Amino acid sequence: MLFERTTVFVQVVTIEGVVEEIIYCNYQNGYTVCAVDTAQEVVTVTGYIPYLCEGENVKLAGRFTNHPEYGRQFAAQYYEKTLPTTSAAILRYLASGVVKGIRLATAKKIVDTFGDDSLTVLMAAPERLAQIKGISKAKALEIGEAYAKQQGAQSIIMFLQQYGVSPSVALKVFRRFGADAVNYIKDNPFLLADEIGGVSFQTADRIALAMGVEKNSISRIKAGVKYILAHNAMTNGHTYVPFDDLVYTAVSMLGVDIAEAERAIRRLSLEQQTHTETIDGNEAVFLMPVYMAEGIVAKKLCALALAGPLCSPDQAESLIGEALDNMALELACEQKKAVLAALQNGVIVLTGGPGTGKTTIVNTIIQIMQKMGFSVALAAPTGRAAKRARELTGACAKTIHRLLEIGYTDDENVQNFMRDETNPLDEDVIIIDEASMLDIPLAGSLMRAIRPDARLILVGDNDQLAPVGPGNLLGDVIASGAVATIRLTQIYRQAAESDIVQNAHRIIHGERPRWGSRDSDFFFMPRPDAACAAAEVTRLCQTRLPSSYGYDPLRQIQVLSAMKKGPAGVKNLNKLLQQALNPAASGKAERAFGDTVYREGDKVMQIKNNYDIRWESMAGSEAGTGVFNGDMGFIERLDAENKQITVVYDEERRVTYDFAQLEELDLAYAVTVHKSQGSEFDAVVMPVYHAAPMLMRRKLLYTAVTRAKKLVVLVGSESGMNACVENAGEQGRFTGLKARLQNREAAGALPGPAQ
DNA sequence: CTCCCAGT
């Protein structure tokens with residue numbers, strides 16, 4: 001029955017066998033690597049199989065994978081344990097330590113006494129164990145309890161697996177509710193979505209329906225309301241939802257009446273699962289974790305803002321002068337002011353568009369801080385942005401996740417950081433680059449980990465992409481006026497009269513860009529639909545731009561797109577561009593992986609951090625480890641014989657991958673605008689068309705356009721582009737941070753008695 | 001519909 005349900009997975013295979021050896025087990029979440037002896041072979045199995053023990057018999061459904069280091073493995077999606085039935089198998093099972101209190105000696109005694117009935121005795125009449133010499137009555141009951149617990153864990157895992165709920169979630173349910181977990185869930189399936197997490201409201205609702213839960217049951221409405229709040233935070237960027245909107249949405253989604261919805265919302269607030277307060281005249285309902293995160297951000301920023309200057313203005317002047325001499329640099333007046341502000345305030349925001357010299361300022365600040373004996377941490381919200389910061393400053397920049405030492409969790413919605421208030425970051429100065437992409441949950445985690453006596457510098461361009469997650473941190477902080485903010489306005493990178501610069505300004509002010517003249521650096525080419533746009537983008541890269549401007553299509557032109565999917569999405573563009581710029585040819589080795597063909601000469605991007613992979617410099621004189629999410633390079637060689645692929649990054653570091661590691665790579669002729677943030681290119685070519693308004697916002701177009709140093713070509717629908725320019729976006733985000741920063745007492749930041 | 005993170 002169970003195994004019929006697994007048809008949703010491609011190429012699902014079932015295997016059965018005895019667990020030979022537990023190779024690895026994460027006891028927190030049940031992730032296990034083990035060797036399973038089927039009749040034919042010994043297979044390495046990975047998957048969430050909690051409480052698995054050597055000697056147990058398992059049926060597994062999943063698929064075979066090829067691990068780069070450990071070779072052929074079976075990734076189990078579903079499992080069933082079958083209890084051993086023969087004395088010999090039972091002995092092995094009990095001796096494995098599956099039941100707390102039984103090891104080999106005790107297992108032998110039990111099996112000698114009860115034979116094939118051993119497990120029945122353990123389950124139904126554990127007191128009978130006391131017949132055995134050496135087992136007291138108390139010990140017998142203790143063993144019985146341990147066995148019941150083990151079986152209880154199995155029963156909730158098996159029960160939930162029927163509904164497609166993963167064993168790792170089931171394990172959490174078991175930890176929370178114990179041996180009686182199945183009854184708890186049958187009683188209120190919404191506990192899965194609610195208290196446990198990791199299960200969607202829809203799945204819980206499906207289970208509830210099967211259990212016969214009423215449509216207007218309060219637990220269903222409460223869970224539905226929390227789902228609406230979470231969904232709005234995740235997909236719309238709101239940190240709260242106005243009460244009236246929440247009632248309306250709950251009524252239409254859940255099919256209940258207004259009074260029922262209101263009652264459930266009030267109840268959640270009373271139970272402190274949500275927080276309700278008045279913001280901007282609206283009654284605002286927050287999900288508790290988001291409310292807490294926003295509060296921590298407000299509180300920490302206000303506290304940091306109280307810190308005094310690090311040195312006198314005279315000292316600062318001389319420190320700056322010295323640093324600039326060392327770096328053979330000069331700073332403009334506003335840039336110098338920014339460095340000064342960093343020395344005088346516990347927290348500052350440094351904001352400005354591309355080319356306004358943010359990086360130079362950050363470099364100077366790092367120099368001075370280190371000179372003063374302070375340690376500095378530099379981090380950014382994305383791998384790409386962190387890498388860019390690393391290249392430009394020479395400092396060891398990381399992702400914020402990495403800085404906070406993210407630990408593993410089985411719940412995608414919860415992140416678990418090793419660094420927090422009890423184990424704060426060691427560094428004295430924390431610099432966050434691309435802070436516009438910082439969402440409230442991550443900002444909350446970051447603020448918790450910053451020591452009260454540390455200093456924080458937020459660097460970003462509030463006109464660039466809003467975070468994917470909830471909140472409008474940088475915008476709110478700047479608008480609040482509660483944090484010293486330095487706005488950089490002078491552009492050094494391009495001439496101010498450049499059409500790229502002019503149009504970037506127009507876009508951000510909601511005005512339509514202008515184009516036309518032949519000697520401009522900004523062009524728009526109308527095409528009737530996304531497919532035509534994609535074809536024109538390809539033509540531009542292949543022939544038009546190389547012949548008109550002499551650009552190298554692979555190294556100087558970067559194609560960007562808002563989306564991955566669709567005819568003008570990154571995936572399809574990569575196919576078209578690969579065909580145009582690096583077509584199949586005899587003598588050019590290639591290799592298919594998934595639905596992508598990789599070929600010698602391809603432009604590729606590393607899409608997940610790999611801290612261990614080795615690289616060698618082209619001359620072979622230097623070596624090191626680590627290739628990071630967002631690194632771009634070219635396939636130099638594809639060696640079918642050794643199943644290896646060589647990629648050269650930045651023309652200097654050579655990395656060899658096994659074929660199985662191709663999942664870490666993607667073609668990079670085209671990348672998403674999000675991924676491009678923090679990078680710049682000579683020429684940017686981008687299809688523009690009508691798409692999800694949540695995505696097609698003015699900031700997206702601004703970010704794309706400002707990636708270009710010399711040339712921008714937009715291709716597609718003019719009305720689509722105009723809609724994008726007119727879609728301001730973040731004004732539509734409901735957030736409470738600005739209000740809280742402006743009301744410092746509410747943020748709880750004022751020390752001592754009220755003033 | 002866009003981003004970040006992980007064990008033998």
# chains A, B, ... in the order shown; residues from 1 in each chain; ligands from 1
call {"tool": "select_by_dssp", "arguments": {"residues": "range 483-548 of chain A", "states": "helix (DSSP H, G or I)", "output": "number ranges by chain"}}
result
A: 499-508, 530-548
call {"tool": "select_by_dssp", "arguments": {"residues": "range 194-315 of chain A", "states": "strand (DSSP E)", "output": "VMD selection string"}}
result
chain A and resid 240 to 242 274 to 279 282 to 287
call {"tool": "residues_around", "arguments": {"residues": "Ala210 in chain A", "least_positions_apart": "5", "cutoff": "10 Å", "atoms": "only C-alpha atoms (C1' of nucleotides)", "output": "list in words"}}
result
Lys186, Pro189, Ala204 and Asp205 of chain A
call {"tool": "interface_residues", "arguments": {"of": "chain A", "to": "chain B", "cutoff": "9 Å", "atoms": "only C-alpha atoms (C1' of nucleotides)", "output": "PyMOL selection string"}}
result
chain A and resi 23-26+31-34+46+70+235+381-383+399-402+406-409+415+437+467-469+562-564+672-675+691-695
call {"tool": "write_last_selection", "arguments": {"atoms": "N, CA, C and O atoms", "output": "short mmCIF file (atom, residue, chain, number, x, y, z; two decimals), in the first residue's frame"}}
result
data_model
loop_
_atom_site.label_atom_id
_atom_site.label_comp_id
_atom_site.auth_asym_id
_atom_site.auth_seq_id
_atom_site.Cartn_x
_atom_site.Cartn_y
_atom_site.Cartn_z
N ILE A 23 26.68 3.77 9.27
CA ILE A 23 27.93 4.46 8.96
C ILE A 23 27.93 5.87 9.58
O ILE A 23 28.93 6.36 10.06
N TYR A 24 26.75 6.48 9.53
CA TYR A 24 26.64 7.83 10.09
C TYR A 24 25.20 8.04 10.52
O TYR A 24 24.27 7.54 9.89
N CYS A 25 25.01 8.76 11.61
CA CYS A 25 23.65 9.11 11.99
C CYS A 25 23.63 10.47 12.68
O CYS A 25 24.40 10.71 13.59
N ASN A 26 22.78 11.36 12.17
CA ASN A 26 22.53 12.62 12.85
C ASN A 26 21.31 12.39 13.75
O ASN A 26 20.19 12.30 13.28
N TYR A 31 18.79 11.74 10.08
CA TYR A 31 19.49 11.47 8.81
C TYR A 31 20.54 10.40 9.04
O TYR A 31 21.38 10.50 9.94
N THR A 32 20.46 9.35 8.22
CA THR A 32 21.29 8.18 8.45
C THR A 32 21.98 7.71 7.18
O THR A 32 21.39 7.79 6.10
N VAL A 33 23.21 7.29 7.31
CA VAL A 33 23.89 6.61 6.21
C VAL A 33 24.22 5.21 6.72
O VAL A 33 24.77 5.06 7.80
N CYS A 34 23.81 4.19 5.96
CA CYS A 34 24.04 2.84 6.44
C CYS A 34 24.30 1.88 5.28
O CYS A 34 24.05 2.21 4.12
N THR A 46 21.23 6.25 2.09
CA THR A 46 21.14 7.51 2.82
C THR A 46 19.68 7.90 2.93
O THR A 46 18.87 7.52 2.08
N TYR A 70 31.64 8.98 -2.44
CA TYR A 70 31.34 7.64 -1.93
C TYR A 70 30.71 6.72 -2.97
O TYR A 70 30.34 5.59 -2.66
N THR A 235 6.03 35.23 0.61
CA THR A 235 5.92 35.54 -0.82
C THR A 235 5.65 37.01 -1.10
O THR A 235 5.90 37.47 -2.20
N PRO A 381 24.63 39.01 1.99
CA PRO A 381 23.54 38.04 2.00
C PRO A 381 23.64 36.93 0.95
O PRO A 381 23.01 35.91 1.10
N THR A 382 24.37 37.15 -0.15
CA THR A 382 24.48 36.08 -1.14
C THR A 382 25.94 35.70 -1.35
O THR A 382 26.85 36.50 -1.08
N GLY A 383 26.12 34.51 -1.86
CA GLY A 383 27.47 34.02 -2.12
C GLY A 383 28.19 34.89 -3.14
O GLY A 383 29.36 35.22 -2.98
N THR A 399 29.33 34.69 3.31
CA THR A 399 27.89 34.92 3.39
C THR A 399 27.56 35.12 4.87
O THR A 399 28.28 34.66 5.75
N ILE A 400 26.45 35.80 5.12
CA ILE A 400 26.03 36.02 6.51
C ILE A 400 25.75 34.68 7.18
O ILE A 400 26.08 34.47 8.35
N HIS A 401 25.17 33.75 6.41
CA HIS A 401 24.90 32.41 6.95
C HIS A 401 26.17 31.77 7.47
O HIS A 401 26.21 31.15 8.52
N ARG A 402 27.21 31.93 6.67
CA ARG A 402 28.49 31.33 7.00
C ARG A 402 29.11 32.06 8.21
O ARG A 402 29.66 31.43 9.10
N ILE A 406 25.96 28.68 10.27
CA ILE A 406 24.68 27.98 10.18
C ILE A 406 24.85 26.50 10.47
O ILE A 406 25.83 25.88 10.07
N GLY A 407 23.91 25.96 11.21
CA GLY A 407 23.92 24.54 11.50
C GLY A 407 22.79 23.88 10.75
O GLY A 407 21.92 24.56 10.21
N TYR A 408 22.78 22.59 10.72
CA TYR A 408 21.77 21.89 9.94
C TYR A 408 20.43 21.88 10.67
O TYR A 408 20.35 21.66 11.86
N THR A 409 19.33 22.12 9.94
CA THR A 409 18.00 21.84 10.47
C THR A 409 17.22 21.09 9.39
O THR A 409 17.49 21.23 8.22
N GLN A 415 16.12 28.50 10.52
CA GLN A 415 17.56 28.41 10.39
C GLN A 415 18.18 28.44 11.78
O GLN A 415 17.70 29.12 12.67
N MET A 437 19.60 43.42 0.46
CA MET A 437 19.04 42.08 0.31
C MET A 437 18.82 41.37 1.64
O MET A 437 18.48 40.19 1.68
N PRO A 467 14.93 42.32 -0.53
CA PRO A 467 15.17 40.94 -0.14
C PRO A 467 14.04 40.04 -0.61
O PRO A 467 12.90 40.51 -0.77
N VAL A 468 14.34 38.77 -0.80
CA VAL A 468 13.30 37.82 -1.18
C VAL A 468 12.36 37.61 0.01
O VAL A 468 11.16 37.52 -0.14
N GLY A 469 12.95 37.58 1.18
CA GLY A 469 12.17 37.33 2.40
C GLY A 469 11.46 38.58 2.90
O GLY A 469 11.49 39.63 2.26
N ALA A 562 14.96 38.06 -15.50
CA ALA A 562 14.27 38.12 -14.21
C ALA A 562 14.01 36.73 -13.67
O ALA A 562 14.06 36.50 -12.47
N MET A 563 13.75 35.81 -14.59
CA MET A 563 13.27 34.50 -14.17
C MET A 563 14.15 33.37 -14.67
O MET A 563 14.97 33.54 -15.56
N LYS A 564 13.94 32.22 -14.07
CA LYS A 564 14.61 31.02 -14.55
C LYS A 564 13.78 30.34 -15.63
O LYS A 564 14.31 29.84 -16.60
N THR A 672 20.27 34.93 -13.40
CA THR A 672 19.18 35.77 -12.90
C THR A 672 19.73 37.11 -12.42
O THR A 672 20.89 37.20 -12.02
N VAL A 673 18.88 38.12 -12.44
CA VAL A 673 19.28 39.43 -11.94
C VAL A 673 19.70 39.31 -10.47
O VAL A 673 20.66 39.92 -10.03
N HIS A 674 18.97 38.49 -9.73
CA HIS A 674 19.32 38.30 -8.31
C HIS A 674 20.75 37.81 -8.15
O HIS A 674 21.49 38.28 -7.29
N LYS A 675 21.12 36.83 -8.97
CA LYS A 675 22.47 36.29 -8.87
C LYS A 675 23.52 37.32 -9.30
O LYS A 675 24.67 37.26 -8.87
N ALA A 691 5.55 39.82 -16.73
CA ALA A 691 5.67 38.60 -15.93
C ALA A 691 5.11 38.90 -14.55
O ALA A 691 4.54 39.97 -14.34
N ALA A 692 5.27 37.96 -13.63
CA ALA A 692 4.72 38.12 -12.29
C ALA A 692 5.06 39.50 -11.71
O ALA A 692 6.23 39.84 -11.58
N PRO A 693 4.04 40.30 -11.38
CA PRO A 693 4.29 41.66 -10.90
C PRO A 693 5.06 41.68 -9.58
O PRO A 693 5.74 42.65 -9.27
N MET A 694 4.96 40.58 -8.84
CA MET A 694 5.71 40.49 -7.59
C MET A 694 7.21 40.58 -7.86
O MET A 694 8.00 40.97 -7.02
N LEU A 695 7.57 40.17 -9.05
CA LEU A 695 8.99 40.12 -9.41
C LEU A 695 9.40 41.31 -10.27
O LEU A 695 10.49 41.86 -10.10
#
call {"tool": "residues_around", "arguments": {"residues": "Ser166 in chain A", "least_positions_apart": "3", "cutoff": "9 Å", "atoms": "only C-alpha atoms (C1' of nucleotides)", "output": "list of chain:residue names"}}
result
A:Tyr48, A:Gln77, A:Tyr78, A:Ile157, A:Leu160, A:Gln161, A:Tyr163, A:Val169, A:Ala170, A:Leu171, A:Gly198, A:Val199
call {"tool": "write_last_selection", "arguments": {"atoms": "N, CA and C atoms", "output": "PDB file, in the first residue's frame"}}
result
ATOM      1  N   TYR A  48      16.382   9.880   5.713  1.00  0.00           N
ATOM      2  CA  TYR A  48      15.888  10.107   7.063  1.00  0.00           C
ATOM      3  C   TYR A  48      15.234   8.836   7.570  1.00  0.00           C
ATOM      4  N   GLN A  77      13.582   7.567   0.027  1.00  0.00           N
ATOM      5  CA  GLN A  77      12.540   8.579   0.227  1.00  0.00           C
ATOM      6  C   GLN A  77      11.522   8.078   1.258  1.00  0.00           C
ATOM      7  N   TYR A  78      11.245   6.798   1.182  1.00  0.00           N
ATOM      8  CA  TYR A  78      10.292   6.176   2.091  1.00  0.00           C
ATOM      9  C   TYR A  78      10.907   4.901   2.643  1.00  0.00           C
ATOM     10  N   ILE A 157       5.835   7.656  12.763  1.00  0.00           N
ATOM     11  CA  ILE A 157       6.552   7.822  11.487  1.00  0.00           C
ATOM     12  C   ILE A 157       5.775   7.142  10.357  1.00  0.00           C
ATOM     13  N   LEU A 160       2.394   9.009   9.587  1.00  0.00           N
ATOM     14  CA  LEU A 160       2.512  10.257   8.829  1.00  0.00           C
ATOM     15  C   LEU A 160       3.053  10.027   7.423  1.00  0.00           C
ATOM     16  N   GLN A 161       3.837   8.978   7.291  1.00  0.00           N
ATOM     17  CA  GLN A 161       4.409   8.691   5.982  1.00  0.00           C
ATOM     18  C   GLN A 161       3.317   8.416   4.944  1.00  0.00           C
ATOM     19  N   TYR A 163       0.771   9.986   4.563  1.00  0.00           N
ATOM     20  CA  TYR A 163       0.282  11.262   4.038  1.00  0.00           C
ATOM     21  C   TYR A 163       1.405  12.069   3.391  1.00  0.00           C
ATOM     22  N   VAL A 169      10.121  15.106  10.067  1.00  0.00           N
ATOM     23  CA  VAL A 169       9.041  15.853  10.718  1.00  0.00           C
ATOM     24  C   VAL A 169       8.369  14.945  11.748  1.00  0.00           C
ATOM     25  N   ALA A 170       8.158  13.684  11.355  1.00  0.00           N
ATOM     26  CA  ALA A 170       7.521  12.732  12.265  1.00  0.00           C
ATOM     27  C   ALA A 170       8.345  12.569  13.546  1.00  0.00           C
ATOM     28  N   LEU A 171       9.644  12.601  13.379  1.00  0.00           N
ATOM     29  CA  LEU A 171      10.529  12.468  14.538  1.00  0.00           C
ATOM     30  C   LEU A 171      10.314  13.633  15.497  1.00  0.00           C
ATOM     31  N   GLY A 198       7.058  22.438   9.258  1.00  0.00           N
ATOM     32  CA  GLY A 198       7.595  21.498   8.282  1.00  0.00           C
ATOM     33  C   GLY A 198       6.516  20.820   7.459  1.00  0.00           C
ATOM     34  N   VAL A 199       5.245  21.081   7.800  1.00  0.00           N
ATOM     35  CA  VAL A 199       4.147  20.529   7.021  1.00  0.00           C
ATOM     36  C   VAL A 199       3.284  21.699   6.569  1.00  0.00           C
TER      37      VAL A 199
END
call {"tool": "atom_distance", "arguments": {"atom1": "CA of Ala739 in chain A", "atom2": "CA of Gly481 in chain A"}}
result
10.6 Å
call {"tool": "residues_around", "arguments": {"residues": "Gln131 in chain A", "least_positions_apart": "2", "cutoff": "12 Å", "atoms": "only C-alpha atoms (C1' of nucleotides)", "output": "ChimeraX atom specification"}}
result
/A:109-110,112-114,121,125-129,133-137,139-140
call {"tool": "decode", "arguments": {"residues": "chain B", "atoms": "C-alpha atoms (C1' of nucleotides)", "output": "CSV table (one decimal), in the first residue's frame"}}
result
chain,number,residue,atom,x,y,z
B,1,DC,C1',8.6,34.1,-8.8
B,2,DT,C1',13.5,35.7,-6.9
B,3,DC,C1',17.9,34.1,-2.3
B,4,DC,C1',20.6,31.6,1.5
B,5,DC,C1',22.2,26.7,4.1
B,6,DA,C1',23.7,20.6,5.1
B,7,DG,C1',26.0,14.7,7.4
B,8,DT,C1',29.5,9.1,5.3
